[in-house]
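Everything below belongs to run26.cif, which stores mmCIF, C-alpha atoms.
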```cif
data_my_file
loop_
_atom_site.label_atom_id
_atom_site.label_comp_id
_atom_site.auth_asym_id
_atom_site.auth_seq_id
_atom_site.Cartn_x
_atom_site.Cartn_y
_atom_site.Cartn_z
CA MET A 1 -49.63 83.09 -48.82
CA THR A 2 -45.95 83.69 -49.37
CA GLY A 3 -44.19 84.79 -46.23
CA LEU A 4 -46.28 82.50 -44.04
CA PRO A 5 -44.68 79.50 -42.33
CA ALA A 6 -44.49 76.46 -44.61
CA ASP A 7 -46.24 74.21 -42.08
CA TYR A 8 -49.11 76.69 -41.77
CA ARG A 9 -49.43 76.95 -45.57
CA ALA A 10 -49.47 73.14 -45.87
CA PHE A 11 -52.10 72.84 -43.12
CA HIS A 12 -54.21 75.54 -44.76
CA GLU A 13 -53.98 73.85 -48.16
CA LEU A 14 -54.82 70.43 -46.74
CA TYR A 15 -57.82 71.38 -44.57
CA ARG A 16 -59.40 74.61 -45.84
CA GLY A 17 -61.58 72.89 -48.46
CA ILE A 18 -62.70 70.20 -46.01
CA TYR A 19 -63.54 72.78 -43.37
CA ILE A 20 -65.49 74.88 -45.87
CA HIS A 21 -67.49 71.86 -47.03
CA TRP A 22 -68.37 71.07 -43.40
CA ALA A 23 -69.19 74.70 -42.53
CA GLU A 24 -71.35 75.05 -45.64
CA LEU A 25 -73.67 72.34 -44.31
CA TYR A 26 -74.33 74.46 -41.26
CA LEU A 27 -74.36 77.91 -42.77
CA ARG A 28 -76.19 77.07 -46.03
CA HIS A 29 -74.08 79.56 -47.97
CA ARG A 30 -70.65 79.04 -49.48
CA HIS A 31 -69.64 82.66 -48.86
CA ASP A 32 -70.55 82.45 -45.15
CA ALA A 33 -68.68 79.14 -44.84
CA GLU A 34 -65.59 80.62 -46.49
CA GLU A 35 -65.79 83.64 -44.21
CA ALA A 36 -66.09 81.52 -41.05
CA VAL A 37 -63.24 79.22 -42.08
CA ASP A 38 -61.01 82.11 -43.13
CA GLN A 39 -61.63 83.78 -39.75
CA ALA A 40 -60.71 80.48 -38.08
CA PHE A 41 -57.50 80.30 -40.11
CA GLU A 42 -56.65 83.90 -39.14
CA GLU A 43 -57.13 82.93 -35.49
CA LEU A 44 -54.99 79.82 -36.01
CA TYR A 45 -52.26 81.83 -37.71
CA LEU A 46 -52.12 84.38 -34.88
CA ALA A 47 -51.69 81.52 -32.40
CA TRP A 48 -49.72 79.20 -34.72
CA SER A 49 -46.87 78.51 -32.26
CA GLU A 50 -49.47 77.67 -29.59
CA VAL A 51 -51.37 75.48 -32.08
CA LEU A 52 -48.20 73.53 -32.84
CA SER A 53 -47.45 73.09 -29.13
CA GLN A 54 -50.77 71.31 -28.56
CA GLU A 55 -50.89 67.54 -28.12
CA SER A 56 -53.10 67.48 -31.22
CA PRO A 57 -52.89 70.59 -33.40
CA ASN A 58 -55.66 69.18 -35.61
CA ALA A 59 -58.02 68.84 -32.64
CA TYR A 60 -57.25 72.44 -31.65
CA ALA A 61 -57.87 73.63 -35.21
CA TRP A 62 -61.11 71.62 -35.47
CA ALA A 63 -62.40 73.26 -32.28
CA VAL A 64 -61.58 76.73 -33.64
CA VAL A 65 -63.32 76.01 -36.96
CA ARG A 66 -66.34 74.52 -35.23
CA HIS A 67 -66.71 77.49 -32.88
CA ARG A 68 -66.25 80.03 -35.68
CA THR A 69 -68.92 78.25 -37.71
CA VAL A 70 -71.37 78.22 -34.80
CA ASP A 71 -70.59 81.88 -34.04
CA THR A 72 -71.19 82.81 -37.68
CA ALA A 73 -74.54 80.97 -37.67
CA ARG A 74 -75.58 82.82 -34.51
CA ALA A 75 -74.43 86.17 -35.93
CA ARG A 76 -76.58 85.53 -39.02
CA GLY A 77 -79.55 84.58 -36.82
CA ARG A 78 -79.56 80.98 -38.05
CA ARG A 79 -79.65 77.64 -36.39
CA PRO A 80 -77.35 74.95 -37.73
CA ALA A 81 -78.78 73.76 -41.03
CA VAL A 82 -77.39 70.26 -41.54
CA ILE A 83 -80.71 68.85 -40.36
CA ASP A 84 -82.77 71.10 -42.60
CA THR A 85 -80.97 70.48 -45.87
CA ALA A 86 -79.64 66.96 -45.58
CA ALA A 87 -83.09 65.51 -44.91
CA PHE A 88 -84.28 66.82 -48.25
CA GLU A 89 -81.24 65.60 -50.15
CA THR A 90 -81.35 61.90 -49.29
CA THR A 91 -81.29 59.44 -52.15
CA ALA A 92 -83.90 57.38 -50.32
CA LEU A 93 -86.33 60.30 -50.50
CA HIS A 94 -85.99 60.55 -54.26
CA HIS A 95 -86.66 56.85 -54.76
CA ALA A 96 -89.23 56.27 -52.01
CA LEU A 97 -92.65 54.80 -52.63
CA ASP A 98 -93.87 56.97 -49.74
CA PRO A 99 -91.86 60.24 -49.99
CA ILE A 100 -93.72 61.87 -47.07
CA GLY A 101 -93.02 58.88 -44.82
CA GLU A 102 -89.40 58.87 -45.93
CA LEU A 103 -89.14 62.60 -45.28
CA GLU A 104 -90.55 62.16 -41.78
CA HIS A 105 -88.01 59.40 -41.14
CA SER A 106 -85.16 61.51 -42.57
CA LEU A 107 -86.11 64.46 -40.37
CA ALA A 108 -86.24 62.17 -37.33
CA VAL A 109 -82.77 60.84 -38.18
CA TYR A 110 -81.32 64.32 -38.54
CA ASP A 111 -83.02 65.52 -35.36
CA ALA A 112 -81.46 62.54 -33.56
CA ILE A 113 -78.04 63.36 -35.07
CA HIS A 114 -78.42 66.98 -33.95
CA ALA A 115 -79.07 65.80 -30.37
CA LEU A 116 -75.84 63.77 -30.21
CA PRO A 117 -72.93 64.96 -28.08
CA GLU A 118 -70.60 67.22 -30.06
CA ARG A 119 -67.87 64.66 -30.89
CA GLN A 120 -70.36 61.95 -31.86
CA HIS A 121 -72.31 64.46 -33.94
CA ASP A 122 -69.22 65.59 -35.83
CA VAL A 123 -68.04 62.03 -36.44
CA ILE A 124 -71.42 60.99 -37.85
CA VAL A 125 -71.67 64.08 -40.07
CA LEU A 126 -68.13 63.70 -41.38
CA LEU A 127 -68.48 59.94 -41.94
CA HIS A 128 -72.03 59.59 -43.20
CA VAL A 129 -73.13 62.97 -44.51
CA LEU A 130 -69.83 64.12 -46.04
CA GLY A 131 -68.52 60.62 -46.79
CA HIS A 132 -65.03 60.81 -45.29
CA SER A 133 -63.22 57.64 -44.26
CA THR A 134 -62.45 56.81 -40.65
CA ARG A 135 -58.80 57.75 -41.20
CA GLU A 136 -59.77 61.08 -42.79
CA VAL A 137 -62.16 61.92 -39.95
CA ALA A 138 -59.43 61.10 -37.43
CA SER A 139 -57.07 63.48 -39.19
CA ILE A 140 -59.67 66.24 -39.58
CA MET A 141 -60.76 66.10 -35.94
CA GLY A 142 -57.33 65.36 -34.51
CA ILE A 143 -58.33 62.13 -32.82
CA THR A 144 -57.28 58.54 -33.37
CA PRO A 145 -59.04 56.21 -35.80
CA ALA A 146 -60.02 54.14 -32.75
CA GLY A 147 -61.56 57.30 -31.26
CA VAL A 148 -63.57 57.81 -34.46
CA ARG A 149 -64.77 54.21 -34.43
CA SER A 150 -65.70 54.46 -30.75
CA ALA A 151 -67.58 57.74 -31.20
CA ALA A 152 -69.38 56.29 -34.23
CA ARG A 153 -70.32 53.15 -32.29
CA PHE A 154 -71.71 55.16 -29.36
CA ALA A 155 -73.49 57.52 -31.76
CA ARG A 156 -75.12 54.62 -33.63
CA HIS A 157 -76.29 53.17 -30.31
CA ARG A 158 -77.79 56.53 -29.29
CA LEU A 159 -79.39 56.96 -32.71
CA GLN A 160 -80.89 53.47 -32.62
CA HIS A 161 -82.34 54.20 -29.19
CA ALA A 162 -83.65 57.64 -30.22
CA LEU A 163 -85.25 56.24 -33.37
CA GLY A 164 -86.71 53.18 -31.65
CA ILE A 165 -84.67 50.74 -33.70
CA ASP A 166 -84.70 47.35 -32.05
CA GLN A 167 -81.33 45.72 -31.51
CA GLY A 168 -81.03 41.99 -31.91
CA PRO A 169 -79.69 39.70 -29.17
CA SER A 170 -76.07 40.27 -30.23
CA GLY A 171 -76.52 44.05 -30.09
CA ASP A 172 -76.67 44.29 -33.85
CA GLU A 173 -79.46 46.15 -35.52
CA GLY A 174 -82.57 44.06 -35.86
CA GLY A 175 -86.00 45.14 -37.05
CA THR A 176 -87.39 48.61 -36.62
CA ASP A 177 -90.41 49.88 -34.79
CA ARG A 178 -91.08 52.83 -37.08
#
```

Rewrite the coordinates I just gave you, this time as structure tokens.
Amino acid sequence: MTGLPADYRAFHELYRGIYIHWAELYLRHRHDAEEAVDQAFEELYLAWSEVLSQESPNAYAWAVVRHRTVDTARARGRRPAVIDTAAFETTALHHALDPIGELEHSLAVYDAIHALPERQHDVIVLLHVLGHSTREVASIMGITPAGVRSAARFARHRLQHALGIDQGPSGDEGGTDR
């Protein structure tokens, strides 16, 4: 990467692994994820001065990576796979007394996550599936930590509604109607 601008090299080093981990959830293959992310970085490099002129270069880069990942999935004839794989990898499933019931619940959760608006979906996946902190998600997506918390709050509300989870009088999660 010698000869490339130092700020581009630093950005690439900081985010490439994170982007690949995220893309791998959707594409199911490390090679495909690397290819999609590398194509995104090529696109970012070709427009690097425009990227840097954006109000949030990280938000711009996140959009490019997201679109390249979706385009790669479509080109491979696949639908996004985070729902398919993550439901089978839950710790709860491995320790459940009723694995089939837990699997059904896990699939319902991931279907509900898939139905979220794009920003809420990405926040939930980055926070709860990939385990990033609020501050890390803010940096990855190019939004503020308050924006992450807000998106997560709205996403949780939508998920509770979609899953039929009763909210107590204060708006906090109460019992469930599963």

When the PyMOL selection byres ((chain A and resi 121) around 12) is applied to the file above, which residues end up in the set, as a CSV table (one decimal) with C-alpha atoms, keeping the file's coordinate frame?
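Contents of the output file expr_18.csv:
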```csv
chain,number,residue,atom,x,y,z
A,66,ARG,CA,-66.3,74.5,-35.2
A,82,VAL,CA,-77.4,70.3,-41.5
A,83,ILE,CA,-80.7,68.8,-40.4
A,109,VAL,CA,-82.8,60.8,-38.2
A,110,TYR,CA,-81.3,64.3,-38.5
A,111,ASP,CA,-83.0,65.5,-35.4
A,112,ALA,CA,-81.5,62.5,-33.6
A,113,ILE,CA,-78.0,63.4,-35.1
A,114,HIS,CA,-78.4,67.0,-34.0
A,115,ALA,CA,-79.1,65.8,-30.4
A,116,LEU,CA,-75.8,63.8,-30.2
A,117,PRO,CA,-72.9,65.0,-28.1
A,118,GLU,CA,-70.6,67.2,-30.1
A,119,ARG,CA,-67.9,64.7,-30.9
A,120,GLN,CA,-70.4,62.0,-31.9
A,122,ASP,CA,-69.2,65.6,-35.8
A,123,VAL,CA,-68.0,62.0,-36.4
A,124,ILE,CA,-71.4,61.0,-37.8
A,125,VAL,CA,-71.7,64.1,-40.1
A,126,LEU,CA,-68.1,63.7,-41.4
A,127,LEU,CA,-68.5,59.9,-41.9
A,128,HIS,CA,-72.0,59.6,-43.2
A,129,VAL,CA,-73.1,63.0,-44.5
A,141,MET,CA,-60.8,66.1,-35.9
A,148,VAL,CA,-63.6,57.8,-34.5
A,151,ALA,CA,-67.6,57.7,-31.2
A,152,ALA,CA,-69.4,56.3,-34.2
A,153,ARG,CA,-70.3,53.2,-32.3
A,154,PHE,CA,-71.7,55.2,-29.4
A,155,ALA,CA,-73.5,57.5,-31.8
A,156,ARG,CA,-75.1,54.6,-33.6
A,158,ARG,CA,-77.8,56.5,-29.3
A,159,LEU,CA,-79.4,57.0,-32.7
```

Residue members of the PyMOL selection byres ((chain A and resi 4-9) around 12) in the file shown, as a ChimeraX atom specification: /A:1-3,10-16,41-49,51-52,57-58,61

CA of Thr72 in chain A to CA of Gly17 in chain A: how many Å, to one decimal? 17.5 Å

Provide the CA of His132 in chain A to CA of Trp22 in chain A distance in Å, to one decimal place. 11.0 Å

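The residues returned by the PyMOL selection byres ((chain A and resi 33) around 6) on the shown structure are Ile20, Ala23, Glu24, Arg30, His31, Asp32, Glu34, Glu35 and Ala36 of chain A.
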
Preceding selection exported with C-alpha atoms as a short mmCIF file (atom, residue, chain, number, x, y, z; two decimals), in the frame of the given file:
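Saved the output as part_20.cif:
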```
data_model
loop_
_atom_site.label_atom_id
_atom_site.label_comp_id
_atom_site.auth_asym_id
_atom_site.auth_seq_id
_atom_site.Cartn_x
_atom_site.Cartn_y
_atom_site.Cartn_z
CA ILE A 20 -65.49 74.88 -45.87
CA ALA A 23 -69.19 74.70 -42.53
CA GLU A 24 -71.35 75.05 -45.64
CA ARG A 30 -70.65 79.04 -49.48
CA HIS A 31 -69.64 82.66 -48.86
CA ASP A 32 -70.55 82.45 -45.15
CA GLU A 34 -65.59 80.62 -46.49
CA GLU A 35 -65.79 83.64 -44.21
CA ALA A 36 -66.09 81.52 -41.05
#
```

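With distances taken over all atoms listed in the file, A:Ala73 is the one residue among A:Ile143, A:Ala73, A:Ala162, A:Ala138 lying closest to Leu25 in chain A.
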
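Across the model, the gap from CA of Val64 in chain A to CA of His157 in chain A is 28.0 Å.
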
Missing atoms in range 152-163 of chain A: fill them in up to all heavy atoms and send the result as an mmCIF file, in the frame of the given file.
```cif
data_model
loop_
_atom_site.group_PDB
_atom_site.id
_atom_site.type_symbol
_atom_site.label_atom_id
_atom_site.label_comp_id
_atom_site.auth_asym_id
_atom_site.auth_seq_id
_atom_site.Cartn_x
_atom_site.Cartn_y
_atom_site.Cartn_z
ATOM 1 N N ALA A 152 -68.359 56.745 -33.279
ATOM 2 C CA ALA A 152 -69.380 56.290 -34.230
ATOM 3 C C ALA A 152 -70.229 55.179 -33.622
ATOM 4 O O ALA A 152 -71.454 55.165 -33.788
ATOM 5 C CB ALA A 152 -68.736 55.825 -35.531
ATOM 6 N N ARG A 153 -69.593 54.254 -32.920
ATOM 7 C CA ARG A 153 -70.320 53.150 -32.290
ATOM 8 C C ARG A 153 -71.301 53.683 -31.245
ATOM 9 O O ARG A 153 -72.476 53.310 -31.222
ATOM 10 C CB ARG A 153 -69.335 52.158 -31.675
ATOM 11 C CG ARG A 153 -69.990 50.929 -31.078
ATOM 12 C CD ARG A 153 -68.982 49.901 -30.560
ATOM 13 N NE ARG A 153 -67.996 50.469 -29.657
ATOM 14 C CZ ARG A 153 -66.710 50.692 -29.950
ATOM 15 N NH1 ARG A 153 -66.244 50.403 -31.145
ATOM 16 N NH2 ARG A 153 -65.890 51.205 -29.061
ATOM 17 N N PHE A 154 -70.824 54.584 -30.372
ATOM 18 C CA PHE A 154 -71.710 55.160 -29.360
ATOM 19 C C PHE A 154 -72.817 55.991 -30.003
ATOM 20 O O PHE A 154 -73.960 55.973 -29.550
ATOM 21 C CB PHE A 154 -70.924 56.002 -28.351
ATOM 22 C CG PHE A 154 -70.195 55.173 -27.328
ATOM 23 C CD1 PHE A 154 -68.815 55.087 -27.362
ATOM 24 C CD2 PHE A 154 -70.875 54.470 -26.346
ATOM 25 C CE1 PHE A 154 -68.127 54.316 -26.432
ATOM 26 C CE2 PHE A 154 -70.211 53.699 -25.419
ATOM 27 C CZ PHE A 154 -68.826 53.621 -25.459
ATOM 28 N N ALA A 155 -72.485 56.710 -31.061
ATOM 29 C CA ALA A 155 -73.490 57.520 -31.760
ATOM 30 C C ALA A 155 -74.555 56.619 -32.379
ATOM 31 O O ALA A 155 -75.751 56.918 -32.279
ATOM 32 C CB ALA A 155 -72.827 58.374 -32.835
ATOM 33 N N ARG A 156 -74.129 55.539 -33.032
ATOM 34 C CA ARG A 156 -75.120 54.620 -33.630
ATOM 35 C C ARG A 156 -76.038 54.041 -32.559
ATOM 36 O O ARG A 156 -77.250 53.927 -32.766
ATOM 37 C CB ARG A 156 -74.409 53.501 -34.395
ATOM 38 C CG ARG A 156 -73.951 53.924 -35.781
ATOM 39 C CD ARG A 156 -73.493 52.746 -36.622
ATOM 40 N NE ARG A 156 -72.360 52.065 -36.052
ATOM 41 C CZ ARG A 156 -71.081 52.384 -36.286
ATOM 42 N NH1 ARG A 156 -70.799 53.388 -37.082
ATOM 43 N NH2 ARG A 156 -70.119 51.704 -35.716
ATOM 44 N N HIS A 157 -75.469 53.701 -31.408
ATOM 45 C CA HIS A 157 -76.290 53.170 -30.310
ATOM 46 C C HIS A 157 -77.315 54.219 -29.856
ATOM 47 O O HIS A 157 -78.493 53.910 -29.702
ATOM 48 C CB HIS A 157 -75.394 52.745 -29.145
ATOM 49 C CG HIS A 157 -76.152 52.230 -27.977
ATOM 50 N ND1 HIS A 157 -76.764 50.996 -27.978
ATOM 51 C CD2 HIS A 157 -76.426 52.796 -26.784
ATOM 52 C CE1 HIS A 157 -77.383 50.815 -26.827
ATOM 53 N NE2 HIS A 157 -77.188 51.889 -26.080
ATOM 54 N N ARG A 158 -76.868 55.463 -29.689
ATOM 55 C CA ARG A 158 -77.790 56.530 -29.290
ATOM 56 C C ARG A 158 -78.856 56.772 -30.353
ATOM 57 O O ARG A 158 -80.018 56.998 -30.039
ATOM 58 C CB ARG A 158 -77.036 57.836 -29.047
ATOM 59 C CG ARG A 158 -76.308 57.898 -27.753
ATOM 60 C CD ARG A 158 -75.553 59.237 -27.674
ATOM 61 N NE ARG A 158 -74.903 59.382 -26.409
ATOM 62 C CZ ARG A 158 -75.318 60.192 -25.439
ATOM 63 N NH1 ARG A 158 -76.376 60.932 -25.616
ATOM 64 N NH2 ARG A 158 -74.669 60.260 -24.311
ATOM 65 N N LEU A 159 -78.443 56.744 -31.620
ATOM 66 C CA LEU A 159 -79.390 56.960 -32.710
ATOM 67 C C LEU A 159 -80.414 55.838 -32.769
ATOM 68 O O LEU A 159 -81.609 56.086 -32.962
ATOM 69 C CB LEU A 159 -78.654 57.099 -34.045
ATOM 70 C CG LEU A 159 -77.804 58.355 -34.196
ATOM 71 C CD1 LEU A 159 -76.952 58.275 -35.457
ATOM 72 C CD2 LEU A 159 -78.662 59.607 -34.198
ATOM 73 N N GLN A 160 -79.958 54.601 -32.611
ATOM 74 C CA GLN A 160 -80.890 53.470 -32.620
ATOM 75 C C GLN A 160 -81.913 53.622 -31.500
ATOM 76 O O GLN A 160 -83.108 53.406 -31.707
ATOM 77 C CB GLN A 160 -80.124 52.158 -32.475
ATOM 78 C CG GLN A 160 -79.355 51.776 -33.709
ATOM 79 C CD GLN A 160 -78.410 50.601 -33.481
ATOM 80 O OE1 GLN A 160 -77.992 50.326 -32.363
ATOM 81 N NE2 GLN A 160 -78.056 49.938 -34.565
ATOM 82 N N HIS A 161 -81.431 54.014 -30.325
ATOM 83 C CA HIS A 161 -82.340 54.200 -29.190
ATOM 84 C C HIS A 161 -83.318 55.344 -29.465
ATOM 85 O O HIS A 161 -84.525 55.205 -29.252
ATOM 86 C CB HIS A 161 -81.536 54.466 -27.912
ATOM 87 C CG HIS A 161 -82.377 54.680 -26.712
ATOM 88 N ND1 HIS A 161 -83.043 53.654 -26.077
ATOM 89 C CD2 HIS A 161 -82.690 55.823 -26.041
ATOM 90 C CE1 HIS A 161 -83.735 54.144 -25.070
ATOM 91 N NE2 HIS A 161 -83.532 55.454 -25.018
ATOM 92 N N ALA A 162 -82.798 56.470 -29.955
ATOM 93 C CA ALA A 162 -83.650 57.640 -30.220
ATOM 94 C C ALA A 162 -84.693 57.373 -31.292
ATOM 95 O O ALA A 162 -85.794 57.914 -31.245
ATOM 96 C CB ALA A 162 -82.778 58.830 -30.630
ATOM 97 N N LEU A 163 -84.339 56.515 -32.251
ATOM 98 C CA LEU A 163 -85.250 56.240 -33.370
ATOM 99 C C LEU A 163 -86.108 54.996 -33.124
ATOM 100 O O LEU A 163 -86.900 54.612 -33.981
ATOM 101 C CB LEU A 163 -84.444 56.073 -34.661
ATOM 102 C CG LEU A 163 -83.696 57.332 -35.090
ATOM 103 C CD1 LEU A 163 -82.735 57.015 -36.232
ATOM 104 C CD2 LEU A 163 -84.672 58.431 -35.489
#
```
